[in-house]
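Here is the file run03.cif (mmCIF, C-alpha atoms and all ligand atoms).
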data_target
#
loop_
_atom_site.group_PDB
_atom_site.id
_atom_site.type_symbol
_atom_site.label_atom_id
_atom_site.label_comp_id
_atom_site.auth_asym_id
_atom_site.auth_seq_id
_atom_site.Cartn_x
_atom_site.Cartn_y
_atom_site.Cartn_z
ATOM 1 C CA MET R 1234 -3.064 9.358 4.893
ATOM 2 C CA TYR R 1235 -6.184 9.186 2.771
ATOM 3 C CA VAL R 1236 -7.570 6.527 0.436
ATOM 4 C CA GLU R 1237 -5.900 8.164 -2.572
ATOM 5 C CA ASN R 1238 -2.500 7.729 -0.861
ATOM 6 C CA LEU R 1239 -2.919 3.973 -0.565
ATOM 7 C CA SER R 1240 -1.390 1.460 -2.966
ATOM 8 C CA PRO R 1241 -3.576 0.508 -5.976
ATOM 9 C CA ARG R 1242 -4.309 -2.818 -4.237
ATOM 10 C CA LEU R 1243 -5.568 -1.205 -1.019
ATOM 11 C CA GLN R 1244 -7.491 1.418 -3.015
ATOM 12 C CA ALA R 1245 -9.251 -1.381 -4.904
ATOM 13 C CA ILE R 1246 -10.183 -2.990 -1.567
ATOM 14 C CA ALA R 1247 -11.383 0.353 -0.189
ATOM 15 C CA LYS R 1248 -13.929 0.653 -3.018
ATOM 16 C CA HIS R 1249 -15.811 -2.324 -1.595
ATOM 17 C CA ILE R 1250 -16.258 -0.930 1.909
ATOM 18 C CA PRO R 1251 -19.809 0.302 2.535
ATOM 19 C CA SER R 1252 -20.135 3.938 3.475
ATOM 20 C CA GLY R 1253 -20.502 4.537 7.218
ATOM 21 C CA ALA R 1254 -19.541 0.966 8.066
ATOM 22 C CA PHE R 1255 -17.948 -0.334 11.232
ATOM 23 C CA ILE R 1256 -15.173 -2.544 9.906
ATOM 24 C CA ALA R 1257 -12.636 -5.017 11.213
ATOM 25 C CA ASP R 1258 -9.354 -5.259 9.340
ATOM 26 C CA ILE R 1259 -7.729 -8.528 10.339
ATOM 27 C CA GLY R 1260 -3.974 -8.689 9.842
ATOM 28 C CA SER R 1261 -3.946 -4.911 9.587
ATOM 29 C CA ASP R 1262 -0.150 -4.550 9.740
ATOM 30 C CA HIS R 1263 0.398 -0.751 10.057
ATOM 31 C CA ALA R 1264 -3.368 -0.031 10.078
ATOM 32 C CA HIS R 1265 -2.999 1.929 6.841
ATOM 33 C CA LEU R 1266 -6.325 0.772 5.411
ATOM 34 C CA PRO R 1267 -8.578 1.581 8.402
ATOM 35 C CA LEU R 1268 -6.757 4.875 8.951
ATOM 36 C CA ALA R 1269 -7.205 5.976 5.347
ATOM 37 C CA LEU R 1270 -10.849 4.854 5.290
ATOM 38 C CA TRP R 1271 -11.605 6.781 8.466
ATOM 39 C CA ARG R 1272 -9.697 9.922 7.445
ATOM 40 C CA SER R 1273 -11.484 9.849 4.060
ATOM 41 C CA GLU R 1274 -14.795 9.674 5.984
ATOM 42 C CA ILE R 1275 -15.776 6.362 4.416
ATOM 43 C CA ILE R 1276 -16.108 4.372 7.641
ATOM 44 C CA SER R 1277 -17.409 5.277 11.080
ATOM 45 C CA ARG R 1278 -15.273 2.976 13.211
ATOM 46 C CA ALA R 1279 -12.729 0.217 12.875
ATOM 47 C CA ILE R 1280 -11.008 -2.577 14.683
ATOM 48 C CA ALA R 1281 -7.462 -3.183 13.458
ATOM 49 C CA GLY R 1282 -6.444 -6.718 14.451
ATOM 50 C CA GLU R 1283 -2.856 -7.864 14.351
ATOM 51 C CA TYR R 1284 -1.099 -10.770 16.040
ATOM 52 C CA LYS R 1285 2.555 -9.782 15.616
ATOM 53 C CA GLN R 1286 4.106 -7.372 18.097
ATOM 54 C CA GLY R 1287 6.022 -5.243 15.546
ATOM 55 C CA PRO R 1288 3.108 -4.453 13.222
ATOM 56 C CA TYR R 1289 0.754 -4.124 16.224
ATOM 57 C CA ALA R 1290 3.014 -1.485 17.819
ATOM 58 C CA SER R 1291 3.319 0.326 14.499
ATOM 59 C CA ALA R 1292 -0.485 0.305 14.059
ATOM 60 C CA ILE R 1293 -0.900 1.858 17.543
ATOM 61 C CA GLN R 1294 1.694 4.505 16.726
ATOM 62 C CA ASN R 1295 0.053 5.391 13.403
ATOM 63 C CA VAL R 1296 -3.403 5.666 14.929
ATOM 64 C CA GLN R 1297 -2.037 7.897 17.716
ATOM 65 C CA ARG R 1298 -0.230 10.081 15.164
ATOM 66 C CA PHE R 1299 -3.549 10.872 13.506
ATOM 67 C CA GLU R 1300 -5.457 11.035 16.813
ATOM 68 C CA GLY R 1301 -7.764 8.254 15.721
ATOM 69 C CA GLU R 1302 -7.909 6.294 19.008
ATOM 70 C CA GLN R 1303 -11.624 6.968 19.466
ATOM 71 C CA GLN R 1304 -12.527 5.552 16.069
ATOM 72 C CA ILE R 1305 -9.858 2.914 15.479
ATOM 73 C CA SER R 1306 -9.301 0.287 18.101
ATOM 74 C CA VAL R 1307 -6.019 -1.537 17.557
ATOM 75 C CA ARG R 1308 -6.156 -5.004 19.117
ATOM 76 C CA LYS R 1309 -3.559 -7.687 19.456
ATOM 77 C CA GLY R 1310 -4.790 -11.196 18.774
ATOM 78 C CA ASN R 1311 -5.046 -14.117 16.438
ATOM 79 C CA GLY R 1312 -7.497 -13.677 13.569
ATOM 80 C CA LEU R 1313 -11.118 -12.989 14.448
ATOM 81 C CA GLU R 1314 -10.602 -13.390 18.209
ATOM 82 C CA VAL R 1315 -10.168 -9.593 18.374
ATOM 83 C CA LEU R 1316 -13.910 -9.207 17.657
ATOM 84 C CA SER R 1317 -16.231 -9.087 20.620
ATOM 85 C CA SER R 1318 -19.792 -10.358 20.839
ATOM 86 C CA THR R 1319 -21.045 -6.984 22.080
ATOM 87 C CA GLU R 1320 -19.975 -5.046 18.995
ATOM 88 C CA GLU R 1321 -21.696 -5.382 15.632
ATOM 89 C CA VAL R 1322 -19.118 -5.193 12.912
ATOM 90 C CA ASP R 1323 -20.570 -4.602 9.431
ATOM 91 C CA ALA R 1324 -17.664 -5.732 7.302
ATOM 92 C CA VAL R 1325 -14.559 -7.834 7.837
ATOM 93 C CA ILE R 1326 -11.506 -7.348 5.654
ATOM 94 C CA ILE R 1327 -8.729 -9.919 5.411
ATOM 95 C CA ALA R 1328 -6.154 -8.902 2.844
ATOM 96 C CA GLY R 1329 -2.601 -9.462 1.694
ATOM 97 C CA MET R 1330 -2.205 -13.084 2.833
ATOM 98 C CA GLY R 1331 -2.379 -16.486 1.210
ATOM 99 C CA GLY R 1332 -5.782 -18.016 0.558
ATOM 100 C CA GLU R 1333 -5.115 -20.926 2.901
ATOM 101 C CA LEU R 1334 -4.352 -18.583 5.793
ATOM 102 C CA ILE R 1335 -7.492 -16.542 5.090
ATOM 103 C CA ARG R 1336 -9.448 -19.791 5.066
ATOM 104 C CA THR R 1337 -7.973 -20.812 8.432
ATOM 105 C CA ILE R 1338 -8.744 -17.418 9.983
ATOM 106 C CA LEU R 1339 -12.352 -17.601 8.740
ATOM 107 C CA SER R 1340 -12.796 -21.196 9.929
ATOM 108 C CA GLU R 1341 -11.311 -20.615 13.365
ATOM 109 C CA GLY R 1342 -13.378 -17.488 13.908
ATOM 110 C CA ASN R 1343 -16.542 -18.553 12.101
ATOM 111 C CA SER R 1344 -18.746 -18.068 15.184
ATOM 112 C CA SER R 1345 -17.757 -14.376 15.302
ATOM 113 C CA LEU R 1346 -19.142 -13.809 11.800
ATOM 114 C CA GLN R 1347 -22.830 -14.290 12.735
ATOM 115 C CA ASP R 1348 -23.845 -10.647 12.296
ATOM 116 C CA VAL R 1349 -21.263 -9.607 9.722
ATOM 117 C CA LYS R 1350 -22.867 -8.394 6.490
ATOM 118 C CA ARG R 1351 -19.870 -8.354 4.197
ATOM 119 C CA LEU R 1352 -16.512 -10.036 3.798
ATOM 120 C CA VAL R 1353 -13.867 -8.353 1.678
ATOM 121 C CA LEU R 1354 -11.078 -10.840 1.077
ATOM 122 C CA GLN R 1355 -7.902 -10.399 -0.899
ATOM 123 C CA PRO R 1356 -5.881 -13.594 -1.119
ATOM 124 C CA ASN R 1357 -2.428 -13.167 -2.675
ATOM 125 C CA VAL R 1358 -2.534 -16.768 -3.867
ATOM 126 C CA SER R 1359 -4.993 -19.719 -3.772
ATOM 127 C CA ALA R 1360 -8.183 -17.700 -4.160
ATOM 128 C CA ASP R 1361 -9.885 -21.014 -4.995
ATOM 129 C CA SER R 1362 -9.579 -22.193 -1.391
ATOM 130 C CA VAL R 1363 -11.284 -18.978 -0.212
ATOM 131 C CA ARG R 1364 -14.084 -19.418 -2.774
ATOM 132 C CA SER R 1365 -14.722 -22.967 -1.618
ATOM 133 C CA TRP R 1366 -14.776 -21.878 2.043
ATOM 134 C CA LEU R 1367 -17.408 -19.254 1.183
ATOM 135 C CA ILE R 1368 -19.582 -21.880 -0.538
ATOM 136 C CA GLU R 1369 -19.213 -24.334 2.351
ATOM 137 C CA ASN R 1370 -20.186 -21.675 4.898
ATOM 138 C CA GLY R 1371 -23.210 -19.979 3.381
ATOM 139 C CA TRP R 1372 -21.557 -16.894 1.898
ATOM 140 C CA GLU R 1373 -22.539 -15.719 -1.563
ATOM 141 C CA LEU R 1374 -19.912 -14.020 -3.701
ATOM 142 C CA GLN R 1375 -21.384 -10.664 -4.696
ATOM 143 C CA THR R 1376 -18.592 -9.416 -6.849
ATOM 144 C CA GLU R 1377 -14.962 -9.992 -7.651
ATOM 145 C CA GLU R 1378 -12.228 -7.781 -8.959
ATOM 146 C CA ILE R 1379 -8.783 -8.441 -10.370
ATOM 147 C CA ILE R 1380 -6.156 -5.755 -10.701
ATOM 148 C CA GLN R 1381 -2.571 -5.657 -11.853
ATOM 149 C CA ASP R 1382 -0.021 -3.674 -9.905
ATOM 150 C CA ALA R 1383 3.084 -4.835 -11.722
ATOM 151 C CA PRO R 1384 4.566 -7.330 -11.251
ATOM 152 C CA TYR R 1385 1.682 -8.697 -9.193
ATOM 153 C CA PHE R 1386 -1.963 -9.517 -9.772
ATOM 154 C CA TYR R 1387 -4.516 -9.210 -6.971
ATOM 155 C CA GLU R 1388 -7.965 -10.727 -6.694
ATOM 156 C CA ILE R 1389 -10.578 -9.207 -4.406
ATOM 157 C CA LEU R 1390 -13.572 -11.284 -3.341
ATOM 158 C CA VAL R 1391 -16.647 -9.639 -1.823
ATOM 159 C CA ALA R 1392 -19.249 -11.863 -0.172
ATOM 160 C CA SER R 1393 -22.454 -11.581 1.863
ATOM 161 C CA PRO R 1394 -24.612 -14.173 3.598
ATOM 162 C CA GLY R 1395 -26.922 -15.593 0.926
ATOM 163 C CA GLN R 1396 -27.119 -18.341 -1.665
ATOM 164 C CA PRO R 1397 -23.551 -19.545 -2.117
ATOM 165 C CA ASP R 1398 -24.251 -21.507 -5.304
ATOM 166 C CA ARG R 1399 -25.909 -18.665 -7.155
ATOM 167 C CA PRO R 1400 -22.804 -17.273 -8.896
ATOM 168 C CA TYR R 1401 -21.868 -20.797 -10.011
ATOM 169 C CA GLN R 1402 -25.124 -21.695 -11.732
ATOM 170 C CA SER R 1403 -24.911 -22.784 -15.377
ATOM 171 C CA ILE R 1404 -21.137 -22.461 -15.523
ATOM 172 C CA ASN R 1405 -18.326 -24.977 -15.063
ATOM 173 C CA LYS R 1406 -17.998 -24.953 -11.255
ATOM 174 C CA GLU R 1407 -14.465 -26.339 -11.177
ATOM 175 C CA ALA R 1408 -13.302 -23.615 -13.547
ATOM 176 C CA ALA R 1409 -15.213 -20.964 -11.623
ATOM 177 C CA LEU R 1410 -13.654 -21.989 -8.303
ATOM 178 C CA LEU R 1411 -10.187 -21.660 -9.772
ATOM 179 C CA LEU R 1412 -10.692 -18.532 -11.856
ATOM 180 C CA GLY R 1413 -13.626 -16.798 -10.189
ATOM 181 C CA PRO R 1414 -17.215 -16.951 -11.493
ATOM 182 C CA TYR R 1415 -17.406 -13.207 -12.193
ATOM 183 C CA LEU R 1416 -13.809 -12.790 -13.300
ATOM 184 C CA MET R 1417 -14.004 -15.576 -15.876
ATOM 185 C CA LYS R 1418 -17.113 -14.036 -17.395
ATOM 186 C CA GLU R 1419 -15.615 -10.565 -17.519
ATOM 187 C CA LYS R 1420 -12.162 -11.701 -18.703
ATOM 188 C CA ASN R 1421 -10.557 -8.293 -18.411
ATOM 189 C CA ALA R 1422 -6.967 -7.538 -19.410
ATOM 190 C CA ALA R 1423 -5.544 -8.265 -15.927
ATOM 191 C CA PHE R 1424 -7.368 -11.610 -15.814
ATOM 192 C CA LYS R 1425 -5.995 -12.668 -19.203
ATOM 193 C CA ALA R 1426 -2.471 -11.520 -18.355
ATOM 194 C CA LYS R 1427 -2.519 -13.320 -14.995
ATOM 195 C CA TRP R 1428 -3.666 -16.661 -16.366
ATOM 196 C CA GLU R 1429 -1.462 -16.496 -19.452
ATOM 197 C CA ARG R 1430 1.510 -16.006 -17.150
ATOM 198 C CA GLU R 1431 0.332 -18.792 -14.856
ATOM 199 C CA TYR R 1432 -0.161 -21.110 -17.839
ATOM 200 C CA LYS R 1433 3.397 -20.517 -19.054
ATOM 201 C CA ASN R 1434 4.668 -21.132 -15.551
ATOM 202 C CA TRP R 1435 2.786 -24.433 -15.383
ATOM 203 C CA GLN R 1436 4.219 -25.457 -18.768
ATOM 204 C CA ARG R 1437 7.693 -24.961 -17.345
ATOM 205 C CA VAL R 1438 6.834 -26.962 -14.182
ATOM 206 C CA LEU R 1439 5.381 -29.708 -16.353
ATOM 207 C CA GLY R 1440 8.615 -29.828 -18.371
ATOM 208 C CA GLU R 1441 10.593 -30.221 -15.136
ATOM 209 C CA MET R 1442 8.302 -33.042 -14.057
ATOM 210 C CA GLU R 1443 8.879 -34.867 -17.356
ATOM 211 C CA HIS R 1444 12.613 -34.825 -16.630
ATOM 212 C CA ALA R 1445 12.320 -35.963 -13.013
ATOM 213 C CA ALA R 1446 14.418 -39.080 -12.407
ATOM 214 C CA GLU R 1447 11.828 -40.666 -10.151
ATOM 215 C CA LYS R 1448 8.167 -40.642 -11.135
ATOM 216 C CA THR R 1449 6.580 -41.139 -7.704
ATOM 217 C CA THR R 1450 2.803 -41.478 -7.242
ATOM 218 C CA GLN R 1451 2.844 -38.056 -5.609
ATOM 219 C CA LEU R 1452 4.493 -36.572 -8.679
ATOM 220 C CA GLN R 1453 1.995 -38.295 -10.992
ATOM 221 C CA GLU R 1454 -0.881 -36.882 -8.966
ATOM 222 C CA LYS R 1455 0.614 -33.389 -9.039
ATOM 223 C CA ARG R 1456 1.106 -33.689 -12.783
ATOM 224 C CA ALA R 1457 -2.501 -34.810 -13.302
ATOM 225 C CA ARG R 1458 -3.827 -31.879 -11.253
ATOM 226 C CA LEU R 1459 -1.609 -29.482 -13.165
ATOM 227 C CA LEU R 1460 -2.832 -30.815 -16.516
ATOM 228 C CA GLU R 1461 -6.416 -30.438 -15.306
ATOM 229 C CA LYS R 1462 -5.834 -26.796 -14.360
ATOM 230 C CA MET R 1463 -4.065 -26.113 -17.650
ATOM 231 C CA LYS R 1464 -7.021 -27.540 -19.557
ATOM 232 C CA ILE R 1465 -9.430 -25.317 -17.610
ATOM 233 C CA VAL R 1466 -7.355 -22.190 -18.180
ATOM 234 C CA LYS R 1467 -6.824 -22.930 -21.886
ATOM 235 C CA GLU R 1468 -10.553 -23.403 -22.426
ATOM 236 C CA VAL R 1469 -11.508 -20.214 -20.600
ATOM 237 C CA LEU R 1470 -8.839 -18.048 -22.221
HETATM 238 C C1 LIG D 1501 1.303 -8.950 4.385
HETATM 239 S S1 LIG D 1501 0.491 -8.220 5.691
HETATM 240 C C2 LIG D 1501 -0.931 -7.510 4.931
HETATM 241 C C3 LIG D 1501 -1.337 -6.262 5.642
HETATM 242 C C4 LIG D 1501 -2.625 -5.621 5.171
HETATM 243 N N1 LIG D 1501 -3.779 -6.437 5.507
HETATM 244 C C5 LIG D 1501 -2.580 -5.361 3.700
HETATM 245 O O1 LIG D 1501 -3.348 -5.969 2.966
HETATM 246 O O2 LIG D 1501 -1.765 -4.541 3.272
HETATM 247 C C6 LIG D 1501 -0.235 -9.553 6.591
HETATM 248 C C7 LIG D 1501 -0.392 -9.202 8.046
HETATM 249 O O3 LIG D 1501 -1.272 -10.149 8.635
HETATM 250 C C8 LIG D 1501 -0.790 -10.471 9.909
HETATM 251 N N2 LIG D 1501 -1.382 -11.779 10.244
HETATM 252 C C9 LIG D 1501 -1.146 -12.970 9.662
HETATM 253 N N3 LIG D 1501 -1.881 -13.936 10.225
HETATM 254 C C10 LIG D 1501 -2.611 -13.341 11.199
HETATM 255 C C11 LIG D 1501 -3.552 -13.806 12.143
HETATM 256 N N4 LIG D 1501 -3.890 -15.092 12.212
HETATM 257 N N5 LIG D 1501 -4.116 -12.919 12.979
HETATM 258 C C12 LIG D 1501 -3.779 -11.620 12.936
HETATM 259 N N6 LIG D 1501 -2.883 -11.120 12.073
HETATM 260 C C13 LIG D 1501 -2.307 -11.961 11.210
HETATM 261 C C14 LIG D 1501 0.706 -10.456 9.747
HETATM 262 O O4 LIG D 1501 1.360 -10.275 10.994
HETATM 263 C C15 LIG D 1501 0.904 -9.257 8.817
HETATM 264 O O5 LIG D 1501 1.088 -8.066 9.513
#

Take the structure in the file and write it out as structure tokens.
Ligand SMILES: C[S@@+](CC[C@H](N)C(=O)[O-])C[C@H]1O[C@@H](n2cnc3c(N)ncnc32)[C@H](O)[C@@H]1O
Amino acid sequence: MYVENLSPRLQAIAKHIPSGAFIADIGSDHAHLPLALWRSEIISRAIAGEYKQGPYASAIQNVQRFEGEQQISVRKGNGLEVLSSTEEVDAVIIAGMGGELIRTILSEGNSSLQDVKRLVLQPNVSADSVRSWLIENGWELQTEEIIQDAPYFYEILVASPGQPDRPYQSINKEAALLLGPYLMKEKNAAFKAKWEREYKNWQRVLGEMEHAAEKTTQLQEKRARLLEKMKIVKEVL
């Protein structure tokens, strides 16, 4: 297993891993990413963290199959608790989960991120909650990427300690949190396709809300938030 054997999503993530780095892949599942990065001689060492027994056992098996035990340490544990204060990890990867879960993992393990130089985050949904966590915690987005691997779209966020507000200067911050400050400037084909699809989806949800028998306050609030997001997306597209 090498980087070129990975899915397009994991290959896109791999591009953002610094050469020679010691990485931690949190929620590593089968440890495919660290294994491929090591076998392709991109990283020096890795921690593969996983909290579920099945994926953890499969990660151990995979690492053993390629005789990578010296370089890839598979550890069972919740989020960033698999990091230890005596090891200096260069980059932390958290990929293939919802944005809210990534946010929780970062918040709960924030004290373990002191010496980390790069975060590579790939939320499947709710990237806005990851972007706001980065701002609130002193991380500056360095770059973002969006790819389409049909039928899905994936956003990759790369951040370093720095000036969190810098990417958001002189642009609509609310729009940038939702869409990504770099992505909304670049507006590539995947970006347009993703938000056009999302917009259509929201139109359908809005239609369903109009027909709801009971217009509760909660529903009104949801509708208002939806209209706000639709306005943002329409303006940017
Ligand atoms: C969908 S998989 C993604 C695997 C891989 N990171 C990728 O991008 O292909 C998510 C994995 O994260 C693990 N996971 C979820 N929450 C976790 C947590 N708090 N700590 C460690 N692992 C977690 C799950 O058990 C699962 O194996």

*Pick from R:Ser1261, R:Gln1294, R:Ser1317, R:Thr1376, whichever lies nearest to Pro1400 of chain R using only C-alpha atoms*: R:Thr1376

*One decimal, Å: what's the distance from atom C9 of ligand LIG 1501 (chain D) over to atom CA of Ile1327 of chain R, could you say?*
9.2 Å

Closest-contact table, chain R side, partner ligand LIG 1501 (chain D), 8 Å, counting all atoms listed in the file, as a tab-separated table:
residue	atom	partner	partner_atom	distance
R:Arg1242	CA	D:LIG1501	O1	7.9
R:Leu1243	CA	D:LIG1501	O1	6.6
R:Asp1258	CA	D:LIG1501	N1	6.9
R:Ile1259	CA	D:LIG1501	C12	5.6
R:Gly1260	CA	D:LIG1501	O3	3.3
R:Ser1261	CA	D:LIG1501	N1	4.4
R:Asp1262	CA	D:LIG1501	O5	3.7
R:His1263	CA	D:LIG1501	C3	7.3
R:Ala1264	CA	D:LIG1501	C4	7.5
R:His1265	CA	D:LIG1501	O2	7.5
R:Leu1266	CA	D:LIG1501	O2	7.3
R:Gly1282	CA	D:LIG1501	C12	5.8
R:Glu1283	CA	D:LIG1501	N6	4.0
R:Tyr1284	CA	D:LIG1501	C12	4.2
R:Lys1285	CA	D:LIG1501	O4	4.8
R:Pro1288	CA	D:LIG1501	O5	5.6
R:Tyr1289	CA	D:LIG1501	O5	7.8
R:Lys1309	CA	D:LIG1501	C12	7.6
R:Gly1310	CA	D:LIG1501	C12	5.9
R:Asn1311	CA	D:LIG1501	N5	3.8
R:Gly1312	CA	D:LIG1501	N5	3.5
R:Leu1313	CA	D:LIG1501	N5	7.2
R:Ile1326	CA	D:LIG1501	N1	7.8
R:Ile1327	CA	D:LIG1501	N1	6.1
R:Ala1328	CA	D:LIG1501	O1	4.1
R:Gly1329	CA	D:LIG1501	O1	3.8
R:Met1330	CA	D:LIG1501	C6	5.5
R:Leu1334	CA	D:LIG1501	N3	6.9
R:Thr1337	CA	D:LIG1501	N4	8.0
R:Ile1338	CA	D:LIG1501	N4	5.8
R:Gln1355	CA	D:LIG1501	O1	7.4

*Which one is closest to Ile1246 of chain R: R:Asn1405, R:Pro1384, R:Glu1377, R:Phe1424? Count only C-alpha atoms.*
R:Glu1377

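Between atom CA of Gln1375 of chain R and atom CA of Asn1238 of chain R there is a distance of 26.6 Å.
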
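Evaluating the PyMOL selection byres (((chain R and resi 1436-1444) around 9) and not hetatm) against the shown model yields Glu1431, Tyr1432, Lys1433, Asn1434, Trp1435, Ala1445, Ala1446, Glu1447, Lys1448, Leu1452, Gln1453, Arg1456, Leu1459, Leu1460 and Met1463 of chain R.
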
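Take atom CA of Phe1255 of chain R and atom CA of Glu1321 of chain R: the distance between them is 7.7 Å.
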
*Let me know the residues the PyMOL selection byres (((chain R and resi 1408) around 12) and not hetatm) catches in the file above, as a PyMOL selection string.*
chain R and resi 1361+1364+1401+1403-1407+1409-1418+1461-1470

*Once the PyMOL selection byres (((chain R and resi 1386) around 12) and not hetatm) has been applied to the shown file, what residues remain in the selection, as a PyMOL selection string?*
chain R and resi 1241-1242+1245+1329+1355-1358+1360+1378-1385+1387-1389+1422-1431

*With all atoms listed in the file counted, which protein, DNA or RNA residues have an atom no more than 6 Å from (-24.4, -19.3, -4.5) in the file frame? Please answer as a PyMOL selection string.*
chain R and resi 1373+1396-1400

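Compared by their closest atoms to Gln1304 of chain R, and using only C-alpha atoms, the residues R:Asn1421, R:Gln1347, R:Thr1319, R:Ser1277 rank with R:Ser1277 nearest.
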
_Neighbour list for Leu1316 of chain R as a PyMOL selection string, cut-off 8 Å, only C-alpha atoms, skip fewer than 2 positions in-chain_ = chain R and resi 1257+1280+1313-1314+1318+1320+1345

Shell around Ser1252 of chain R at 9 Å using only C-alpha atoms, local window under 6 positions removed, as a compact mmCIF listing (two decimals) with C-alpha atoms, keeping the file's coordinate frame:
# COMPACT_ATOMS: atom_id res chain seq x y z
CA GLU R 1274 -14.80 9.67 5.98
CA ILE R 1275 -15.78 6.36 4.42
CA ILE R 1276 -16.11 4.37 7.64
CA SER R 1277 -17.41 5.28 11.08

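Distances here use only C-alpha atoms; by that measure, the residue among R:Glu1369, R:Asp1348, R:Glu1300, R:Glu1454 closest to Arg1336 of chain R is R:Glu1369.
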
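Using all atoms listed in the file for every distance, the candidate list R:Ile1250, R:Val1363, R:Leu1346, R:Val1353 yields R:Val1353 as the residue closest to Val1391 of chain R.
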
Go ahead and fit an axis-aligned box to every listed atom of segment 1368-1385 of chain R plus 4 Å each side, and pass me the centre and edge lengths in Å, one decimal, as AutoDock Vina command-line options.
--center_x -9.3 --center_y -14.0 --center_z -3.5 --size_x 35.8 --size_y 28.7 --size_z 24.8

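In this comparison, which uses all atoms listed in the file, the residue of R:Arg1272, R:Arg1298, R:Arg1308, R:Lys1350 approaching Ala1254 of chain R most closely is R:Lys1350.
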